[in-house]
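Working notes, beginning with the structure itself.
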Amino acid sequence: MVSYPIELVEEDDGTYRVASPHFPELVTYGDSEPDALMHALYALEEVITQRIAKREVVPVPIKPAPDLQPVELPTQIAGLLELYWRYNLGAFAPERPD
């Protein structure tokens, strides 16, 4: 199981805004809390697959703070991510000065 924490905030107009501490580019909205969570899952999948396609860093999730809500990735995306980390994490490590 791989899950990422998200911030879910109710806006003045009754919609919900979703953001992620791991992915600054992820911002989405929903008409209700369940709708926002569904959009959060789709947005997480998109951000992660785009980063993998570009061979960019996909951060390992942190344990969510009490004010953040975890969103669990589907098994297929989680499996892809586990393989990506296993075979590419060393490529993202900063180079050590000689």
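Ligands are numbered from 1 in the order shown, chains are lettered A, B, ... in the order of the structure tokens, and residues start at 1 in each chain.
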
Which residues come within 7 Å of stretch 41-48 of chain A, counting only C-alpha atoms, excluding same-chain residues fewer than 6 positions away, as a PyMOL selection string? chain A and resi 26+58+71

Stretch 30-81 of chain A near stretch 2-5 of chain A within 9 Å: what's each residue's closest atom pair and its distance in Å to one decimal, counting only C-alpha atoms, ordered by chain then ascending residue number, as JSON lines?
```
{"residue": "A:Leu44", "atom": "CA", "partner": "A:Tyr4", "partner_atom": "CA", "distance": 8.3}
{"residue": "A:Val60", "atom": "CA", "partner": "A:Tyr4", "partner_atom": "CA", "distance": 8.6}
{"residue": "A:Pro61", "atom": "CA", "partner": "A:Tyr4", "partner_atom": "CA", "distance": 5.4}
{"residue": "A:Ile62", "atom": "CA", "partner": "A:Tyr4", "partner_atom": "CA", "distance": 7.3}
{"residue": "A:Lys63", "atom": "CA", "partner": "A:Pro5", "partner_atom": "CA", "distance": 7.5}
{"residue": "A:Pro64", "atom": "CA", "partner": "A:Pro5", "partner_atom": "CA", "distance": 5.2}
{"residue": "A:Ala65", "atom": "CA", "partner": "A:Pro5", "partner_atom": "CA", "distance": 7.9}
{"residue": "A:Leu68", "atom": "CA", "partner": "A:Pro5", "partner_atom": "CA", "distance": 5.6}
{"residue": "A:Gln69", "atom": "CA", "partner": "A:Pro5", "partner_atom": "CA", "distance": 5.2}
{"residue": "A:Pro70", "atom": "CA", "partner": "A:Pro5", "partner_atom": "CA", "distance": 4.1}
{"residue": "A:Val71", "atom": "CA", "partner": "A:Ser3", "partner_atom": "CA", "distance": 5.1}
{"residue": "A:Glu72", "atom": "CA", "partner": "A:Ser3", "partner_atom": "CA", "distance": 4.0}
{"residue": "A:Leu73", "atom": "CA", "partner": "A:Ser3", "partner_atom": "CA", "distance": 5.6}
{"residue": "A:Pro74", "atom": "CA", "partner": "A:Val2", "partner_atom": "CA", "distance": 8.3}
{"residue": "A:Thr75", "atom": "CA", "partner": "A:Val2", "partner_atom": "CA", "distance": 8.3}
{"residue": "A:Ile77", "atom": "CA", "partner": "A:Val2", "partner_atom": "CA", "distance": 8.9}
{"residue": "A:Ala78", "atom": "CA", "partner": "A:Val2", "partner_atom": "CA", "distance": 5.8}
{"residue": "A:Gly79", "atom": "CA", "partner": "A:Val2", "partner_atom": "CA", "distance": 8.9}
{"residue": "A:Leu81", "atom": "CA", "partner": "A:Val2", "partner_atom": "CA", "distance": 8.8}
```

Same residues, N, CA, C and O atoms, saved as a CSV table (one decimal), in the first residue's frame:
```csv
chain,number,residue,atom,x,y,z
A,44,LEU,N,-3.1,12.6,-8.5
A,44,LEU,CA,-1.9,11.9,-8.0
A,44,LEU,C,-1.4,11.0,-9.0
A,44,LEU,O,-0.2,10.9,-9.3
A,60,VAL,N,9.2,9.6,-1.9
A,60,VAL,CA,8.6,8.6,-1.0
A,60,VAL,C,7.7,9.3,0.0
A,60,VAL,O,8.1,10.3,0.5
A,61,PRO,N,6.5,8.8,0.1
A,61,PRO,CA,5.5,9.5,1.0
A,61,PRO,C,5.9,9.5,2.4
A,61,PRO,O,6.5,8.5,2.9
A,62,ILE,N,5.6,10.6,3.1
A,62,ILE,CA,5.8,10.7,4.5
A,62,ILE,C,4.5,10.3,5.2
A,62,ILE,O,3.4,10.3,4.6
A,63,LYS,N,4.6,10.0,6.5
A,63,LYS,CA,3.4,9.8,7.3
A,63,LYS,C,2.6,11.1,7.4
A,63,LYS,O,3.2,12.1,7.7
A,64,PRO,N,1.3,11.1,7.1
A,64,PRO,CA,0.6,12.3,7.1
A,64,PRO,C,0.4,12.9,8.5
A,64,PRO,O,0.3,12.2,9.5
A,65,ALA,N,0.5,14.2,8.5
A,65,ALA,CA,0.3,15.0,9.7
A,65,ALA,C,-1.2,14.9,10.0
A,65,ALA,O,-2.0,14.5,9.1
A,68,LEU,N,-3.7,16.3,7.6
A,68,LEU,CA,-3.7,15.9,6.2
A,68,LEU,C,-4.4,14.5,6.1
A,68,LEU,O,-4.4,13.8,7.0
A,69,GLN,N,-4.9,14.3,4.9
A,69,GLN,CA,-5.7,13.0,4.7
A,69,GLN,C,-4.9,12.1,3.7
A,69,GLN,O,-4.5,12.6,2.6
A,70,PRO,N,-4.7,10.9,4.0
A,70,PRO,CA,-4.0,10.0,3.1
A,70,PRO,C,-4.9,9.6,1.9
A,70,PRO,O,-6.1,9.3,2.1
A,71,VAL,N,-4.3,9.5,0.7
A,71,VAL,CA,-5.0,9.0,-0.4
A,71,VAL,C,-4.2,7.8,-0.9
A,71,VAL,O,-3.1,7.9,-1.3
A,72,GLU,N,-4.9,6.6,-0.9
A,72,GLU,CA,-4.2,5.4,-1.3
A,72,GLU,C,-4.2,5.2,-2.8
A,72,GLU,O,-5.2,5.4,-3.4
A,73,LEU,N,-3.0,4.9,-3.3
A,73,LEU,CA,-2.9,4.7,-4.8
A,73,LEU,C,-3.4,3.3,-5.1
A,73,LEU,O,-3.3,2.3,-4.4
A,74,PRO,N,-4.0,3.2,-6.4
A,74,PRO,CA,-4.4,1.8,-6.8
A,74,PRO,C,-3.1,0.9,-6.9
A,74,PRO,O,-2.0,1.4,-7.1
A,75,THR,N,-3.4,-0.4,-6.8
A,75,THR,CA,-2.3,-1.4,-6.8
A,75,THR,C,-1.4,-1.3,-8.0
A,75,THR,O,-0.2,-1.4,-7.9
A,77,ILE,N,-0.6,1.4,-9.9
A,77,ILE,CA,0.2,2.6,-9.8
A,77,ILE,C,1.3,2.4,-8.7
A,77,ILE,O,2.4,2.7,-8.9
A,78,ALA,N,0.8,1.8,-7.6
A,78,ALA,CA,1.8,1.6,-6.5
A,78,ALA,C,2.9,0.6,-6.9
A,78,ALA,O,4.0,0.8,-6.6
A,79,GLY,N,2.5,-0.4,-7.6
A,79,GLY,CA,3.5,-1.4,-8.1
A,79,GLY,C,4.5,-0.8,-9.1
A,79,GLY,O,5.7,-1.0,-9.0
A,81,LEU,N,5.3,2.4,-9.2
A,81,LEU,CA,6.1,3.3,-8.3
A,81,LEU,C,7.2,2.5,-7.6
A,81,LEU,O,8.3,3.0,-7.5
```

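Backbone DSSP assigns strand (DSSP E or B) in chain A to A:Ser3, A:Tyr4, A:Pro5, A:Ile6, A:Glu7, A:Leu8, A:Val9, A:Glu10, A:Tyr16, A:Arg17, A:Val18, A:Ala19, A:Val27, A:Thr28, A:Tyr29, A:Gly30, A:Gln69, A:Pro70, A:Val71, A:Glu72.
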
Using only C-alpha atoms, determine which residues lie at most 12 Å from A:Tyr87, disregarding the query and same-chain residues fewer than 6 positions distant; provide the list as number ranges by chain. A: 52, 55, 80-81

Can you list, as a PyMOL selection string, every residue of stretch 11-73 of chain A that DSSP puts in helix (DSSP H, G or I)? chain A and resi 33-53

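Proximity to A:Gln50 was assessed for A:Gly30, A:Leu8, A:Asp13, A:Phe23 counting only C-alpha atoms; the smallest distance is recorded for A:Phe23.
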
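Using only C-alpha atoms for every distance, the candidate list A:Ala40, A:Asp12, A:Pro59, A:Thr49 yields A:Ala40 as the residue closest to A:Val27.
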
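Interatomic distance, atom CA of A:Arg51 to atom CA of A:Pro24: 12.5 Å.
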
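Among A:Glu25, A:Val18, A:Trp85, A:Ile6, the residue with the shortest atom-to-atom distance to A:Val57, counting only C-alpha atoms, is A:Trp85.
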
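Going from atom CA of A:Leu83 to atom CA of A:Ser20 covers 22.4 Å.
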
A:Val9 environment, 10 Å, only C-alpha atoms, sequence neighbours closer than 6 positions dropped, as JSON, numbers by chain: {"A": [15, 16, 17, 18, 19, 29, 33, 36, 68]}

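Counting from atom CA of A:Gly14, the distance to atom CA of A:His39 is 15.8 Å.
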